[in-house]
>>> print(open('structure.cif').read())   # mmCIF, C-alpha atoms and all ligand atoms
data_start
#
loop_
_atom_site.label_atom_id
_atom_site.label_comp_id
_atom_site.auth_asym_id
_atom_site.auth_seq_id
_atom_site.Cartn_x
_atom_site.Cartn_y
_atom_site.Cartn_z
CA MET Q 1 23.64 -16.44 -38.63
CA VAL Q 2 21.12 -18.20 -36.41
CA ALA Q 3 17.49 -17.56 -37.26
CA VAL Q 4 15.29 -16.99 -34.17
CA VAL Q 5 11.63 -17.85 -34.58
CA LEU Q 6 9.44 -16.14 -32.03
CA SER Q 7 6.68 -18.15 -30.51
CA PRO Q 8 3.29 -16.36 -30.60
CA SER Q 9 3.33 -16.10 -26.80
CA VAL Q 10 6.65 -14.22 -26.81
CA THR Q 11 5.48 -11.79 -29.47
CA GLU Q 12 2.31 -11.28 -27.49
CA ASP Q 13 4.35 -10.63 -24.31
CA LEU Q 14 6.40 -8.01 -26.08
CA THR Q 15 3.32 -6.02 -26.92
CA VAL Q 16 3.05 -5.62 -23.17
CA THR Q 17 6.53 -4.18 -22.87
CA LYS Q 18 6.16 -1.61 -25.62
CA THR Q 19 3.73 0.47 -23.62
CA CYS Q 20 6.10 0.76 -20.65
CA LYS Q 21 8.12 3.74 -19.55
CA PRO Q 22 11.54 3.22 -17.99
CA ASN Q 23 11.30 2.94 -14.24
CA ASN Q 24 13.39 4.38 -11.50
CA SER Q 25 15.37 1.62 -9.86
CA SER Q 26 16.48 3.49 -6.72
CA TYR Q 27 14.38 2.99 -3.62
CA PHE Q 28 12.27 5.65 -1.95
CA THR Q 29 13.64 6.04 1.56
CA ALA Q 30 11.11 8.56 2.90
CA ILE Q 31 8.27 6.05 3.08
CA PRO Q 32 6.42 6.50 6.39
CA VAL Q 33 7.03 3.45 8.60
CA ILE Q 34 4.42 3.11 11.32
CA ASP Q 35 4.87 0.93 14.36
CA LEU Q 36 1.36 0.00 15.46
CA GLN Q 37 2.59 -0.14 19.09
CA ASP Q 38 3.81 3.46 18.94
CA PRO Q 39 1.62 5.73 21.15
CA ASN Q 40 1.91 8.34 18.39
CA ALA Q 41 0.72 5.95 15.64
CA LYS Q 42 -2.69 7.68 15.18
CA THR Q 43 -1.13 10.98 14.21
CA LEU Q 44 1.48 9.31 12.03
CA ILE Q 45 -1.20 7.35 10.14
CA VAL Q 46 -3.24 10.51 9.49
CA ASN Q 47 -0.15 12.35 8.25
CA ALA Q 48 0.85 9.47 5.98
CA CYS Q 49 -2.67 9.14 4.52
CA GLN Q 50 -2.78 12.88 3.82
CA GLU Q 51 0.71 13.27 2.45
CA PHE Q 52 1.32 10.00 0.60
CA GLY Q 53 -1.78 7.78 0.69
CA PHE Q 54 0.50 4.86 1.58
CA PHE Q 55 2.73 3.71 4.42
CA LYS Q 56 4.50 0.67 5.78
CA VAL Q 57 3.27 -1.03 8.95
CA VAL Q 58 5.52 -2.89 11.40
CA ASN Q 59 4.62 -4.59 14.67
CA HIS Q 60 1.35 -5.43 12.95
CA GLY Q 61 0.46 -8.53 14.96
CA VAL Q 62 -0.22 -10.82 11.98
CA PRO Q 63 1.55 -14.11 12.83
CA VAL Q 64 4.56 -14.83 10.59
CA LYS Q 65 3.62 -18.52 10.52
CA LEU Q 66 0.27 -17.73 8.88
CA ILE Q 67 1.93 -15.60 6.24
CA SER Q 68 4.52 -18.21 5.31
CA GLU Q 69 1.96 -21.03 5.31
CA LEU Q 70 -0.25 -19.24 2.83
CA GLU Q 71 2.73 -18.20 0.76
CA SER Q 72 4.04 -21.74 0.40
CA LEU Q 73 0.58 -23.03 -0.61
CA ALA Q 74 0.32 -20.24 -3.18
CA ILE Q 75 3.74 -21.21 -4.57
CA GLN Q 76 2.52 -24.81 -4.84
CA PHE Q 77 -0.48 -23.65 -6.84
CA PHE Q 78 1.42 -21.33 -9.18
CA ASN Q 79 3.90 -24.18 -9.86
CA PHE Q 80 1.09 -26.37 -11.23
CA SER Q 81 0.87 -26.90 -15.00
CA GLN Q 82 -0.93 -24.22 -17.00
CA LEU Q 83 -3.72 -26.70 -17.69
CA GLN Q 84 -4.28 -27.33 -13.98
CA LYS Q 85 -4.24 -23.61 -13.17
CA ASP Q 86 -6.62 -22.76 -15.99
CA ARG Q 87 -9.18 -25.11 -14.43
CA ALA Q 88 -9.55 -22.54 -11.64
CA GLY Q 89 -10.27 -19.70 -14.09
CA PRO Q 90 -11.33 -17.40 -15.54
CA PRO Q 91 -11.83 -14.87 -12.73
CA ASN Q 92 -15.50 -13.89 -12.80
CA PRO Q 93 -14.83 -12.28 -10.39
CA SER Q 94 -13.32 -15.13 -8.35
CA GLY Q 95 -10.79 -17.44 -9.97
CA TYR Q 96 -7.43 -17.77 -11.67
CA GLY Q 97 -6.36 -15.18 -14.23
CA ASN Q 98 -3.33 -14.96 -16.48
CA LYS Q 99 -2.10 -11.72 -18.09
CA LYS Q 100 -5.60 -10.27 -18.58
CA ILE Q 101 -6.57 -7.87 -15.78
CA GLY Q 102 -10.23 -6.90 -15.70
CA PRO Q 103 -12.68 -7.04 -18.60
CA ASN Q 104 -11.54 -4.01 -20.61
CA GLY Q 105 -8.28 -4.96 -22.29
CA ASP Q 106 -5.69 -4.36 -19.54
CA VAL Q 107 -2.80 -6.82 -19.57
CA GLY Q 108 0.29 -7.39 -17.43
CA TRP Q 109 3.11 -9.86 -16.85
CA ILE Q 110 1.16 -11.52 -14.07
CA GLU Q 111 -0.90 -14.51 -13.06
CA TYR Q 112 -3.23 -14.29 -10.09
CA LEU Q 113 -6.01 -15.68 -7.98
CA LEU Q 114 -8.79 -13.25 -7.16
CA LEU Q 115 -11.60 -13.97 -4.74
CA LYS Q 116 -14.19 -12.49 -2.45
CA ALA Q 117 -13.07 -12.61 1.17
CA THR Q 118 -16.12 -14.66 2.18
CA HIS Q 119 -16.48 -18.15 3.57
CA ASP Q 120 -18.23 -19.40 0.41
CA SER Q 121 -15.77 -17.91 -2.04
CA VAL Q 122 -12.76 -19.16 -0.05
CA SER Q 123 -14.24 -22.68 0.09
CA GLN Q 124 -15.09 -22.67 -3.59
CA ILE Q 125 -11.65 -21.53 -4.73
CA SER Q 126 -9.91 -23.96 -2.37
CA SER Q 127 -11.83 -26.86 -3.90
CA SER Q 128 -11.09 -25.73 -7.42
CA ILE Q 129 -7.34 -25.29 -6.91
CA PHE Q 130 -6.65 -28.18 -4.52
CA PRO Q 131 -9.51 -30.63 -5.33
CA GLU Q 132 -7.78 -33.52 -3.52
CA ASN Q 133 -7.23 -31.66 -0.29
CA PRO Q 134 -8.92 -28.24 -0.15
CA ASP Q 135 -8.97 -27.93 3.66
CA VAL Q 136 -5.34 -26.92 4.20
CA PHE Q 137 -5.59 -24.01 1.78
CA ARG Q 138 -9.07 -23.06 3.00
CA CYS Q 139 -7.88 -22.87 6.63
CA ALA Q 140 -4.68 -20.96 5.79
CA LEU Q 141 -6.57 -18.43 3.66
CA THR Q 142 -9.42 -18.03 6.16
CA GLU Q 143 -6.98 -17.37 9.02
CA TYR Q 144 -4.85 -15.00 6.97
CA ILE Q 145 -7.85 -12.94 5.84
CA LYS Q 146 -9.20 -12.80 9.41
CA GLU Q 147 -5.91 -11.54 10.85
CA VAL Q 148 -5.15 -9.03 8.11
CA LYS Q 149 -8.70 -7.69 8.15
CA GLU Q 150 -8.36 -7.18 11.90
CA MET Q 151 -5.07 -5.34 11.44
CA VAL Q 152 -6.59 -3.07 8.76
CA CYS Q 153 -9.57 -2.39 11.07
CA ARG Q 154 -7.17 -1.39 13.87
CA VAL Q 155 -5.34 0.97 11.51
CA LEU Q 156 -8.65 2.50 10.38
CA GLU Q 157 -9.68 2.97 13.99
CA MET Q 158 -6.41 4.75 14.75
CA ALA Q 159 -6.86 6.92 11.65
CA VAL Q 160 -10.41 7.84 12.67
CA GLU Q 161 -9.27 8.69 16.21
CA GLY Q 162 -6.39 10.68 14.76
CA LEU Q 163 -8.93 12.69 12.75
CA GLY Q 164 -10.75 13.50 16.00
CA ILE Q 165 -13.93 11.53 15.15
CA SER Q 166 -15.68 10.36 18.32
CA ASP Q 167 -16.88 6.94 17.09
CA LYS Q 168 -13.60 5.21 16.28
CA GLU Q 169 -15.46 2.34 14.60
CA GLU Q 170 -17.19 4.62 12.11
CA ILE Q 171 -15.23 3.15 9.19
CA SER Q 172 -13.90 -0.17 10.53
CA LYS Q 173 -17.47 -1.35 11.21
CA LEU Q 174 -18.04 -1.41 7.44
CA LEU Q 175 -15.30 -4.02 7.03
CA ARG Q 176 -16.49 -5.97 10.05
CA ASP Q 177 -20.07 -6.02 8.74
CA GLU Q 178 -21.08 -9.58 7.77
CA ASN Q 179 -22.04 -8.24 4.33
CA SER Q 180 -18.82 -6.32 3.76
CA ASP Q 181 -17.48 -6.59 0.23
CA CYS Q 182 -13.81 -7.34 0.92
CA MET Q 183 -11.63 -8.99 -1.72
CA PHE Q 184 -8.39 -10.91 -1.67
CA ARG Q 185 -5.79 -11.42 -4.34
CA LEU Q 186 -2.63 -13.51 -4.78
CA ASN Q 187 -0.37 -12.10 -7.47
CA HIS Q 188 2.51 -13.99 -9.04
CA TYR Q 189 4.94 -12.17 -11.31
CA LEU Q 190 7.37 -14.50 -13.08
CA PRO Q 191 10.84 -13.17 -13.76
CA TYR Q 192 11.29 -12.33 -17.41
CA THR Q 193 12.60 -15.22 -19.41
CA PRO Q 194 15.93 -15.47 -21.29
CA GLU Q 195 13.86 -15.88 -24.48
CA LEU Q 196 12.11 -12.59 -23.82
CA LEU Q 197 15.40 -10.85 -22.99
CA GLN Q 198 16.98 -12.10 -26.18
CA THR Q 199 14.05 -10.96 -28.29
CA ALA Q 200 14.04 -7.55 -26.65
CA ALA Q 201 17.76 -7.15 -27.32
CA MET Q 202 17.28 -8.12 -30.98
CA ARG Q 203 14.52 -5.59 -31.42
CA ASN Q 204 16.26 -2.95 -29.37
CA ILE Q 205 13.35 -2.73 -26.96
CA ASN Q 206 13.90 -1.45 -23.45
CA LEU Q 207 12.69 -4.34 -21.31
CA ASN Q 208 10.59 -2.86 -18.54
CA LEU Q 209 7.68 -5.18 -18.08
CA ILE Q 210 4.49 -3.95 -16.53
CA GLY Q 211 3.32 -6.53 -14.03
CA PHE Q 212 0.26 -4.61 -12.88
CA GLY Q 213 -0.51 -1.30 -14.57
CA GLU Q 214 -1.01 1.93 -12.65
CA HIS Q 215 -4.29 2.27 -10.82
CA THR Q 216 -5.94 3.28 -7.58
CA ASP Q 217 -7.84 0.75 -5.49
CA PRO Q 218 -11.60 1.39 -5.41
CA GLN Q 219 -12.07 0.11 -1.83
CA ILE Q 220 -11.45 1.75 1.56
CA MET Q 221 -7.98 0.47 2.38
CA SER Q 222 -5.68 -2.26 1.02
CA ALA Q 223 -2.87 -4.22 2.67
CA VAL Q 224 -0.08 -5.65 0.49
CA ARG Q 225 2.38 -8.21 1.74
CA SER Q 226 5.04 -9.46 -0.67
CA ASN Q 227 8.06 -11.72 -0.72
CA ASN Q 228 11.51 -10.22 -0.98
CA THR Q 229 11.33 -9.44 -4.72
CA PRO Q 230 10.96 -5.74 -5.59
CA GLY Q 231 8.55 -4.19 -8.08
CA LEU Q 232 5.92 -2.16 -6.21
CA GLN Q 233 5.87 1.55 -7.04
CA PHE Q 234 3.74 4.44 -5.78
CA SER Q 235 3.08 7.83 -7.30
CA LEU Q 236 3.88 10.85 -5.14
CA LYS Q 237 1.67 13.98 -5.13
CA ASP Q 238 3.79 15.58 -7.86
CA GLY Q 239 3.38 12.51 -10.09
CA THR Q 240 6.90 11.11 -9.51
CA TRP Q 241 6.97 7.31 -9.37
CA VAL Q 242 8.97 5.78 -6.52
CA SER Q 243 9.91 2.15 -5.85
CA VAL Q 244 9.53 0.78 -2.37
CA PRO Q 245 12.02 -1.75 -1.01
CA PRO Q 246 10.31 -5.10 -0.50
CA ASP Q 247 9.96 -6.22 3.11
CA PRO Q 248 8.37 -9.64 3.68
CA THR Q 249 8.00 -8.95 7.40
CA SER Q 250 5.81 -5.85 6.95
CA PHE Q 251 2.67 -4.69 5.18
CA PHE Q 252 2.24 -1.77 2.79
CA LEU Q 253 -1.13 -0.14 3.36
CA ASN Q 254 -2.74 2.25 0.93
CA VAL Q 255 -5.77 4.50 0.88
CA GLY Q 256 -8.46 3.54 -1.65
CA ASP Q 257 -10.97 5.73 -3.54
CA THR Q 258 -13.74 5.14 -0.99
CA LEU Q 259 -11.64 6.45 1.91
CA GLN Q 260 -10.73 9.49 -0.14
CA VAL Q 261 -14.46 10.23 -0.53
CA MET Q 262 -15.23 9.53 3.15
CA THR Q 263 -12.53 12.01 4.22
CA ASN Q 264 -13.69 14.49 1.54
CA GLY Q 265 -10.32 14.38 -0.19
CA ARG Q 266 -8.14 14.72 2.93
CA PHE Q 267 -6.75 11.22 2.52
CA LYS Q 268 -5.29 10.46 -0.91
CA SER Q 269 -6.18 7.37 -2.89
CA VAL Q 270 -2.73 6.64 -4.24
CA ARG Q 271 -1.83 5.44 -7.73
CA HIS Q 272 0.44 2.44 -7.68
CA ARG Q 273 1.74 -0.22 -10.07
CA VAL Q 274 4.12 -3.16 -10.26
CA TYR Q 275 7.06 -3.48 -12.61
CA VAL Q 276 8.81 -6.79 -13.14
CA VAL Q 277 12.41 -5.84 -12.48
CA ASP Q 278 13.94 -9.22 -11.72
CA ASN Q 279 15.13 -11.81 -14.20
CA VAL Q 280 15.75 -14.51 -11.58
CA ARG Q 281 13.16 -14.40 -8.81
CA SER Q 282 9.35 -14.35 -8.95
CA ARG Q 283 7.46 -11.70 -7.04
CA MET Q 284 4.60 -13.06 -4.98
CA SER Q 285 2.18 -10.71 -3.27
CA MET Q 286 -0.99 -11.13 -1.22
CA ILE Q 287 -3.42 -8.24 -1.08
CA PHE Q 288 -6.43 -7.74 1.14
CA PHE Q 289 -8.89 -5.09 -0.07
CA GLY Q 290 -11.23 -3.78 2.63
CA GLY Q 291 -14.57 -2.75 1.11
CA PRO Q 292 -17.99 -1.77 2.53
CA PRO Q 293 -21.31 -3.64 2.06
CA MET Q 294 -22.76 -3.32 -1.46
CA GLY Q 295 -25.67 -1.07 -0.53
CA HIS Q 296 -23.62 1.27 1.67
CA LYS Q 297 -23.89 4.93 0.73
CA ILE Q 298 -20.41 6.36 0.19
CA ALA Q 299 -20.24 9.98 1.30
CA ALA Q 300 -17.98 12.33 3.23
CA LEU Q 301 -18.26 11.80 6.99
CA PRO Q 302 -20.08 14.86 8.40
CA SER Q 303 -17.10 15.83 10.54
CA MET Q 304 -14.88 15.88 7.45
CA ILE Q 305 -16.80 18.82 6.00
CA ARG Q 306 -15.78 22.05 7.73
CA GLU Q 307 -18.91 24.03 6.98
CA GLU Q 308 -17.66 27.02 8.97
CA GLN Q 309 -14.87 27.25 6.40
CA GLY Q 310 -17.37 27.04 3.54
CA GLU Q 311 -16.44 23.46 2.68
CA GLU Q 312 -18.89 21.22 0.82
CA SER Q 313 -18.85 17.61 -0.14
CA LEU Q 314 -16.56 17.18 -3.18
CA TYR Q 315 -18.44 14.14 -4.45
CA LYS Q 316 -21.98 13.23 -5.45
CA ASP Q 317 -23.64 10.56 -3.31
CA PHE Q 318 -23.35 7.00 -4.54
CA THR Q 319 -23.54 3.48 -3.19
CA TRP Q 320 -20.62 1.09 -3.23
CA SER Q 321 -22.54 -1.06 -5.67
CA GLU Q 322 -22.97 1.90 -8.06
CA TYR Q 323 -19.27 2.67 -7.78
CA LYS Q 324 -18.25 -0.90 -8.53
CA HIS Q 325 -20.61 -1.01 -11.46
CA SER Q 326 -19.11 2.17 -12.89
CA ALA Q 327 -15.52 1.05 -12.18
CA TYR Q 328 -16.14 -2.23 -13.99
CA LYS Q 329 -16.57 -0.31 -17.26
CA THR Q 330 -13.25 1.54 -16.97
CA ARG Q 331 -9.60 0.76 -17.73
CA LEU Q 332 -7.12 0.25 -14.89
CA ALA Q 333 -5.46 3.66 -15.20
CA ASP Q 334 -8.71 5.66 -15.40
CA ASN Q 335 -9.58 8.12 -12.68
CA ARG Q 336 -12.80 6.45 -11.60
CA LEU Q 337 -13.67 9.04 -9.00
CA SER Q 338 -13.78 11.76 -11.64
CA PHE Q 339 -17.27 10.55 -12.69
CA PHE Q 340 -18.52 11.29 -9.18
CA LEU Q 341 -16.96 14.72 -8.63
CA LYS Q 342 -19.55 17.44 -8.02
CA ASN Q 343 -17.54 20.06 -9.87
CA ALA Q 344 -15.76 18.19 -12.60
CA PRO Q 345 -12.86 20.24 -14.03
O1 LIG P 1 1.18 -7.16 -6.45
C1 LIG P 1 1.41 -6.13 -5.84
O2 LIG P 1 2.41 -5.96 -5.16
C2 LIG P 1 0.37 -5.02 -5.85
C3 LIG P 1 -0.71 -5.31 -6.85
C4 LIG P 1 -1.87 -4.38 -6.80
O3 LIG P 1 -1.72 -3.20 -6.73
C5 LIG P 1 -3.23 -4.95 -6.88
O4 LIG P 1 -3.39 -6.18 -6.97
O5 LIG P 1 -4.20 -4.14 -6.83
#
>>> encode(input="structure.cif", output="structure tokens")
Amino acid sequence: MVAVVLSPSVTEDLTVTKTCKPNNSSYFTAIPVIDLQDPNAKTLIVNACQEFGFFKVVNHGVPVKLISELESLAIQFFNFSQLQKDRAGPPNPSGYGNKKIGPNGDVGWIEYLLLKATHDSVSQISSSIFPENPDVFRCALTEYIKEVKEMVCRVLEMAVEGLGISDKEEISKLLRDENSDCMFRLNHYLPYTPELLQTAAMRNINLNLIGFGEHTDPQIMSAVRSNNTPGLQFSLKDGTWVSVPPDPTSFFLNVGDTLQVMTNGRFKSVRHRVYVVDNVRSRMSMIFFGGPPMGHKIAALPSMIREEQGEESLYKDFTWSEYKHSAYKTRLADNRLSFFLKNAP
């Protein structure tokens, strides 16, 4: 009999798998697909935000060349040695992170780059990950963020028009504000290794690795673009988890906590997560998180409260900075908005 000695890193990885539930491998086919050129897009976006909190966007206008340029630079970076990558970490909040997500003990089968979507943060991270030649990455990232932010702003404007609000820029102006607190993230999920598979088989462990644990996004709206490797799952209203088929040519947009508050609960901040389901290909995703300026007061838009129907604001008033501060103390899966509900259950 051959004795297998587990390296500490493998044993550590397996502690990640033990907490996982089996996932559903069949794809969800009812995902709303919204063509931004469709004259009916406003209504479709509102319906998708109310019913699901997420949707796929096609005809989005973000140039394919920009997406593939940034993706190939990200691949270059993630292929560096661990030592080189660690020089760009830890994420505080900008920087390279490996397995640890956030400051409160969450872990996943993931490595990532997290940064503020600002000129300074982009320049700083570009110099730390490509010290010899930061300009190529800086330009690719700057252009990508600009285009995706613009696309998210257009979607928010359509949503606001679809809700019948007269100033269509009521929400998008927060992202366009020079002090907006938008973030950007590159996630890299390695396929699980033969060593890990073998160990799982020996210990009779069902190998379903959590890449990124379930959570909602705190911001207004997020836009995920991934390569062709699956893994992203959303929770439906009844709590069922569904997998979405990857589509490198499209974006998956989701409602964040802040938009749920601004629409007084009409739009749903959707729980989502990533499972590593591939043992051959890496999953690479790029996520833009559209957030408001730090001091902005987050509250239901007046037209979202139908006073004639006796409606009131569901949430206490708070600033984005207060929300971030509170969220920073929580675990990924916590319901962060529950602390701000006026009538907590
Ligand atoms: O990597 C993905 O596809 C999504 C990850 C995610 O939800 C996040 O970074 O907040």
>>> closest_residue(input="structure.cif", among="Q:Ser121, Q:Ser94, Q:Ser282, Q:Ser226", to="ligand LIG 1 (chain P)", atoms="all atoms listed in the file")
Q:Ser226
>>> atom_distance(input="structure.cif", atom1="atom CA of Val274 of chain Q", atom2="atom CA of Tyr328 of chain Q")
20.6 Å
>>> axis_aligned_box(input="structure.cif", around="ligand LIG 1 (chain P)", padding_each_side="8 Å", output="lines of an AutoDock Vina configuration file")
center_x = -0.9
center_y = -5.2
center_z = -6.1
size_x = 22.6
size_y = 20.0
size_z = 17.8
>>> residues_near_ligand(input="structure.cif", ligand="ligand LIG 1 (chain P)", cutoff="7 Å", atoms="only C-alpha atoms and all ligand atoms", output="list in words")
Arg185, Asn187, Phe212, Asp217, Val224, Ser226, Leu232, His272, Arg273, Val274, Met284, Ser285, Met286 and Ile287 of chain Q
>>> residues_around(input="structure.cif", residues="segment 152-156 of chain Q", least_positions_apart="5", cutoff="9 Å", atoms="all atoms listed in the file", output="compact mmCIF listing (two decimals) with C-alpha atoms, in the frame of the given file")
# COMPACT_ATOMS: atom_id res chain seq x y z
CA LEU Q 36 1.36 0.00 15.46
CA ALA Q 41 0.72 5.95 15.64
CA LYS Q 42 -2.69 7.68 15.18
CA ILE Q 45 -1.20 7.35 10.14
CA GLU Q 147 -5.91 -11.54 10.85
CA GLU Q 161 -9.27 8.69 16.21
CA LYS Q 168 -13.60 5.21 16.28
CA GLU Q 169 -15.46 2.34 14.60
CA GLU Q 170 -17.19 4.62 12.11
CA ILE Q 171 -15.23 3.15 9.19
CA SER Q 172 -13.90 -0.17 10.53
CA LYS Q 173 -17.47 -1.35 11.21
CA LEU Q 175 -15.30 -4.02 7.03
CA ARG Q 176 -16.49 -5.97 10.05
CA MET Q 221 -7.98 0.47 2.38
CA SER Q 222 -5.68 -2.26 1.02
CA ALA Q 223 -2.87 -4.22 2.67
CA LEU Q 253 -1.13 -0.14 3.36
CA PHE Q 288 -6.43 -7.74 1.14
CA GLY Q 290 -11.23 -3.78 2.63
>>> atom_distance(input="structure.cif", atom1="atom CA of Ser126 of chain Q", atom2="atom CA of Cys139 of chain Q")
9.3 Å
>>> atom_distance(input="structure.cif", atom1="atom CA of Glu195 of chain Q", atom2="atom CA of Phe77 of chain Q")
24.0 Å
>>> closest_residue(input="structure.cif", among="Q:Gly95, Q:Gly295, Q:Pro246, Q:Gly105", to="Arg283 of chain Q", atoms="all atoms listed in the file")
Q:Pro246
>>> closest_residue(input="structure.cif", among="Q:Leu83, Q:Met262, Q:Cys182, Q:Val270", to="Asn98 of chain Q", atoms="all atoms listed in the file")
Q:Leu83
>>> residues_around(input="structure.cif", residues="Gly213 of chain Q", least_positions_apart="2", cutoff="12 Å", atoms="all atoms listed in the file", output="compact mmCIF listing (two decimals) with C-alpha atoms, keeping the file's coordinate frame")
# COMPACT_ATOMS: atom_id res chain seq x y z
CA VAL Q 16 3.05 -5.62 -23.17
CA THR Q 17 6.53 -4.18 -22.87
CA THR Q 19 3.73 0.47 -23.62
CA CYS Q 20 6.10 0.76 -20.65
CA LYS Q 21 8.12 3.74 -19.55
CA LYS Q 99 -2.10 -11.72 -18.09
CA LYS Q 100 -5.60 -10.27 -18.58
CA ILE Q 101 -6.57 -7.87 -15.78
CA GLY Q 102 -10.23 -6.90 -15.70
CA GLY Q 105 -8.28 -4.96 -22.29
CA ASP Q 106 -5.69 -4.36 -19.54
CA VAL Q 107 -2.80 -6.82 -19.57
CA GLY Q 108 0.29 -7.39 -17.43
CA TRP Q 109 3.11 -9.86 -16.85
CA ILE Q 110 1.16 -11.52 -14.07
CA ASN Q 208 10.59 -2.86 -18.54
CA LEU Q 209 7.68 -5.18 -18.08
CA ILE Q 210 4.49 -3.95 -16.53
CA GLY Q 211 3.32 -6.53 -14.03
CA HIS Q 215 -4.29 2.27 -10.82
CA THR Q 216 -5.94 3.28 -7.58
CA ASP Q 217 -7.84 0.75 -5.49
CA GLY Q 231 8.55 -4.19 -8.08
CA LEU Q 232 5.92 -2.16 -6.21
CA GLN Q 233 5.87 1.55 -7.04
CA PHE Q 234 3.74 4.44 -5.78
CA ARG Q 271 -1.83 5.44 -7.73
CA HIS Q 272 0.44 2.44 -7.68
CA ARG Q 273 1.74 -0.22 -10.07
CA VAL Q 274 4.12 -3.16 -10.26
CA TYR Q 275 7.06 -3.48 -12.61
CA VAL Q 276 8.81 -6.79 -13.14
CA ARG Q 331 -9.60 0.76 -17.73
CA LEU Q 332 -7.12 0.25 -14.89
CA ALA Q 333 -5.46 3.66 -15.20
CA ASP Q 334 -8.71 5.66 -15.40
>>> closest_residue(input="structure.cif", among="Q:Asn228, Q:Ser166, Q:Thr330, Q:Thr199", to="Glu71 of chain Q", atoms="only C-alpha atoms")
Q:Asn228
>>> closest_residue(input="structure.cif", among="Q:Val136, Q:Leu44, Q:Leu196, Q:Leu337", to="Leu259 of chain Q", atoms="all atoms listed in the file")
Q:Leu337
>>> closest_residue(input="structure.cif", among="Q:Lys297, Q:Arg225, Q:Arg138, Q:Arg306", to="Thr319 of chain Q", atoms="only C-alpha atoms")
Q:Lys297
>>> residues_around(input="structure.cif", residues="Tyr27 of chain Q", least_positions_apart="4", cutoff="7 Å", atoms="only C-alpha atoms", output="list in words")
Val242, Ser243, Val244 and Pro245 of chain Q
>>> write_last_selection(input="structure.cif", atoms="C-alpha atoms", output="short mmCIF file (atom, residue, chain, number, x, y, z; two decimals), in the frame of the given file")
data_model
loop_
_atom_site.label_atom_id
_atom_site.label_comp_id
_atom_site.auth_asym_id
_atom_site.auth_seq_id
_atom_site.Cartn_x
_atom_site.Cartn_y
_atom_site.Cartn_z
CA VAL Q 242 8.97 5.78 -6.52
CA SER Q 243 9.91 2.15 -5.85
CA VAL Q 244 9.53 0.78 -2.37
CA PRO Q 245 12.02 -1.75 -1.01
#
>>> residues_around(input="structure.cif", residues="segment 61-63 of chain Q", least_positions_apart="6", cutoff="10 Å", atoms="all atoms listed in the file", output="NGL selection string")
:Q and (36-37 or 143-144 or 146-151 or 249-251)
